[in-house]
Structure formats: C-alpha cells, structure tokens
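Okay, so here's the structure we're looking at.
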Amino acid sequence: MAIHFHEILKTFYTLGCEDEALCYGACRVYIYLKEEKHMHDVQYMYEKQLQLFYLTARKEPDALTDLFVPALTTDAFNLVQLKRCREVITLPDGGKPESIVLAICDPSSTVLLYRMTPGLKEIGQKLPSKGKLLRMKTVTDCEQAL
C-alpha cells in the first residue's frame, strides 16, 4: 500500500504545528518508518506543550514500542527539550520511553536514526584516540586471559 505524502502532510498540519519544516520532517520520518523500515504500529502525535512531533513504532508486532523524535539538520539541537520529552510523553502502552530515537532529517530526504539513552552527559575531557582505545582493550583482554 503506497502512502500518499501530500495527504499525510495535510494531516500533520491539522495537528496544531505551525512550523512547516517540522511538519515536512515528521511526515518524512513517518513514511520512512512505514515504507523503508517496515515498522509496525507506526503512530504520529504532536505535543503542543513541547511544540514537538513524535512518532511511536515497533520493529516487530510483539516488540517494545520505540519513541522517534524528528529533528532537522537545519535547526539547532535541544537536549533540554529531549529530556522534557522523556518526562512528558507517555507511550501507547502507558509507560515512559526507555530511550529516544532521534530521527535526523536533511533536505535531501535522508533520515538517520540515532538512539539516545538516559544519562547523556557533556564530556569534560578529550576522548581517547582510537589507538588508545585499542590498547586499552588489548590490556583488558590480556588481564581476562590470566
């Protein structure tokens, strides 16, 4: 069954969002989840308090529900809003989301899914290089062998 983009987009506008680009991005994510990822129980909602579209979907009919938040590459990323999203949004099963899947949309219609878990913090120091991480892993593996 083909999804008609313009019909879905019209529906998104009726939900109360006044940001045309956000409606377009959310619509693109909806179609991506339904047609390209073949996810189950894909639903879209607009949270007026947060001025945020979000979608819920399952990888399999009996899997846990994931929360998808569309984000545009042309907009600033707001971690505070994502934290509030976890507090305000309730999933269809009545629970709170364990993680948020950020659905990043760019103008070419590409969608990148990035799962974010609780406890995301700023890094106060420089990350170790790839070489240092490999050396640390080698030392750990050697210690386990002893």
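A note on labels: chains of the structure tokens are A, B, ... as shown, every chain counts residues from 1, and ligands are counted from 1 in their shown order.
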Selection near Thr14 (chain A), 10 Å with only C-alpha atoms, sequence-local residues under 4 positions removed, as a ChimeraX atom specification: /A:9-10,18,23,46
Could you write out that same residue set with C-alpha atoms as a PDB file, in the first residue's frame?
ATOM      1  CA  LEU A   9       1.377  16.170   5.219  1.00  0.00           C
ATOM      2  CA  LYS A  10      -2.075  17.822   5.232  1.00  0.00           C
ATOM      3  CA  GLU A  18       2.785  25.899  12.750  1.00  0.00           C
ATOM      4  CA  CYS A  23       5.686  19.048   9.612  1.00  0.00           C
ATOM      5  CA  TYR A  46       2.047  16.416  18.142  1.00  0.00           C
TER       6      TYR A  46
END
message: Report, in Å to a single decimal, how far apart CA of Val69 (chain A) and CA of Leu102 (chain A) are.
response: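 For CA of Leu102 (chain A) relative to CA of Val69 (chain A), the distance reads 5.0 Å.
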task: Taking the chain letters and numbering used in this document, name the residues of chain A that DSSP puts in alpha helix (DSSP H), as a VMD selection string.
output: chain A and resid 5 to 13 20 to 31 79 to 88 130 to 145
task: Write out as a list of chain:residue names the residues lying within 8 Å of Cys27 (chain A), counting only C-alpha atoms and excluding same-chain residues fewer than 2 positions away.
output: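 Residues meeting the cut-off are A:Phe5, A:Ile8, A:Leu9, A:Phe12, A:Cys23, A:Tyr24, A:Gly25, A:Val29, A:Tyr30, A:Ile31.
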message: Counting only C-alpha atoms, which residue out of A:Pro107, A:Gly16, A:Pro97, A:Pro92 sits closest to Val42 (chain A)?
response: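 Residue with the minimum atom-to-atom distance to Val42 (chain A): A:Pro92.
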- prompt: Leaving out Gln81 (chain A) and any residue of its chain fewer than 4 positions from it, which residues lie within 12 Å of it when counting only C-alpha atoms, given as a ChimeraX atom specification?
  reply: /A:47,49-53,69,71,76-77,85-89,100
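Close contacts of Leu67 (chain A), defined as residues with an atom at most 8 Å away when counting only C-alpha atoms, with chain neighbours fewer than 3 positions off set aside, comprise A:Tyr54, A:Leu55, A:Thr56, A:Ala57, A:Leu91, A:Pro97, A:Ser99, A:Ile100, A:Val101.
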Shortest interatomic distance to Gly94 (chain A) - which of A:Arg115, A:Thr65, A:Asp41, A:Asn78, counting only C-alpha atoms: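 So, comparing all the options, the nearest one is A:Thr65.
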Nearby residues (only C-alpha atoms) at most 10 Å from Ile104 (chain A), same-chain spacing under 4 positions excluded, as a PDB file with N, CA, C and O atoms, in the first residue's frame:
ATOM      1  N   GLY A  25       9.395  17.323   7.957  1.00  0.00           N
ATOM      2  CA  GLY A  25      10.340  16.350   8.504  1.00  0.00           C
ATOM      3  C   GLY A  25       9.627  15.194   9.189  1.00  0.00           C
ATOM      4  O   GLY A  25       9.995  14.029   9.013  1.00  0.00           O
ATOM      5  N   ALA A  26       8.608  15.505   9.986  1.00  0.00           N
ATOM      6  CA  ALA A  26       7.858  14.465  10.686  1.00  0.00           C
ATOM      7  C   ALA A  26       7.156  13.543   9.684  1.00  0.00           C
ATOM      8  O   ALA A  26       7.116  12.320   9.869  1.00  0.00           O
ATOM      9  N   VAL A  29       9.708  11.206   8.227  1.00  0.00           N
ATOM     10  CA  VAL A  29      10.052  10.133   9.166  1.00  0.00           C
ATOM     11  C   VAL A  29       8.945   9.085   9.202  1.00  0.00           C
ATOM     12  O   VAL A  29       9.216   7.882   9.207  1.00  0.00           O
ATOM     13  N   PHE A  68      10.247   7.950  18.520  1.00  0.00           N
ATOM     14  CA  PHE A  68      11.046   8.612  17.490  1.00  0.00           C
ATOM     15  C   PHE A  68      10.743  10.109  17.522  1.00  0.00           C
ATOM     16  O   PHE A  68       9.572  10.502  17.505  1.00  0.00           O
ATOM     17  N   VAL A  69      11.790  10.915  17.576  1.00  0.00           N
ATOM     18  CA  VAL A  69      11.635  12.367  17.580  1.00  0.00           C
ATOM     19  C   VAL A  69      12.331  12.919  16.338  1.00  0.00           C
ATOM     20  O   VAL A  69      13.555  12.832  16.222  1.00  0.00           O
ATOM     21  N   PRO A  70      11.562  13.480  15.398  1.00  0.00           N
ATOM     22  CA  PRO A  70      12.177  14.071  14.207  1.00  0.00           C
ATOM     23  C   PRO A  70      12.985  15.319  14.566  1.00  0.00           C
ATOM     24  O   PRO A  70      12.560  16.125  15.400  1.00  0.00           O
ATOM     25  N   ALA A  71      14.145  15.443  13.951  1.00  0.00           N
ATOM     26  CA  ALA A  71      14.986  16.629  14.117  1.00  0.00           C
ATOM     27  C   ALA A  71      15.510  17.014  12.743  1.00  0.00           C
ATOM     28  O   ALA A  71      15.849  16.147  11.942  1.00  0.00           O
ATOM     29  N   LEU A  72      15.554  18.297  12.483  1.00  0.00           N
ATOM     30  CA  LEU A  72      16.018  18.785  11.188  1.00  0.00           C
ATOM     31  C   LEU A  72      17.476  19.210  11.273  1.00  0.00           C
ATOM     32  O   LEU A  72      17.888  19.828  12.262  1.00  0.00           O
ATOM     33  N   THR A  73      18.248  18.900  10.252  1.00  0.00           N
ATOM     34  CA  THR A  73      19.661  19.305  10.238  1.00  0.00           C
ATOM     35  C   THR A  73      19.793  20.814  10.155  1.00  0.00           C
ATOM     36  O   THR A  73      20.839  21.359  10.477  1.00  0.00           O
ATOM     37  N   THR A  74      18.734  21.499   9.747  1.00  0.00           N
ATOM     38  CA  THR A  74      18.774  22.955   9.613  1.00  0.00           C
ATOM     39  C   THR A  74      18.434  23.671  10.916  1.00  0.00           C
ATOM     40  O   THR A  74      18.533  24.883  10.994  1.00  0.00           O
ATOM     41  N   SER A 109      16.047  14.500   2.021  1.00  0.00           N
ATOM     42  CA  SER A 109      15.102  13.475   2.472  1.00  0.00           C
ATOM     43  C   SER A 109      15.776  12.263   3.106  1.00  0.00           C
ATOM     44  O   SER A 109      15.130  11.253   3.360  1.00  0.00           O
ATOM     45  N   THR A 110      17.062  12.346   3.372  1.00  0.00           N
ATOM     46  CA  THR A 110      17.742  11.281   4.090  1.00  0.00           C
ATOM     47  C   THR A 110      17.304  11.316   5.549  1.00  0.00           C
ATOM     48  O   THR A 110      17.151  12.380   6.133  1.00  0.00           O
ATOM     49  N   VAL A 111      17.096  10.137   6.138  1.00  0.00           N
ATOM     50  CA  VAL A 111      16.746  10.042   7.553  1.00  0.00           C
ATOM     51  C   VAL A 111      17.799   9.172   8.232  1.00  0.00           C
ATOM     52  O   VAL A 111      18.077   8.054   7.798  1.00  0.00           O
ATOM     53  N   LEU A 112      18.392   9.701   9.292  1.00  0.00           N
ATOM     54  CA  LEU A 112      19.379   8.981  10.085  1.00  0.00           C
ATOM     55  C   LEU A 112      18.782   8.748  11.460  1.00  0.00           C
ATOM     56  O   LEU A 112      18.325   9.686  12.114  1.00  0.00           O
ATOM     57  N   LEU A 113      18.750   7.489  11.903  1.00  0.00           N
ATOM     58  CA  LEU A 113      18.199   7.158  13.217  1.00  0.00           C
ATOM     59  C   LEU A 113      19.345   7.014  14.215  1.00  0.00           C
ATOM     60  O   LEU A 113      20.318   6.307  13.957  1.00  0.00           O
ATOM     61  N   TYR A 114      19.205   7.693  15.358  1.00  0.00           N
ATOM     62  CA  TYR A 114      20.242   7.694  16.380  1.00  0.00           C
ATOM     63  C   TYR A 114      19.587   7.482  17.734  1.00  0.00           C
ATOM     64  O   TYR A 114      18.837   8.331  18.193  1.00  0.00           O
TER      65      TYR A 114
END
query: Using the chain letters and numbers from this document, which residues of chain A does DSSP assign to strand (DSSP E), as number ranges by chain?
result: A: 40-47, 52-58, 66-72, 100-105, 111-116
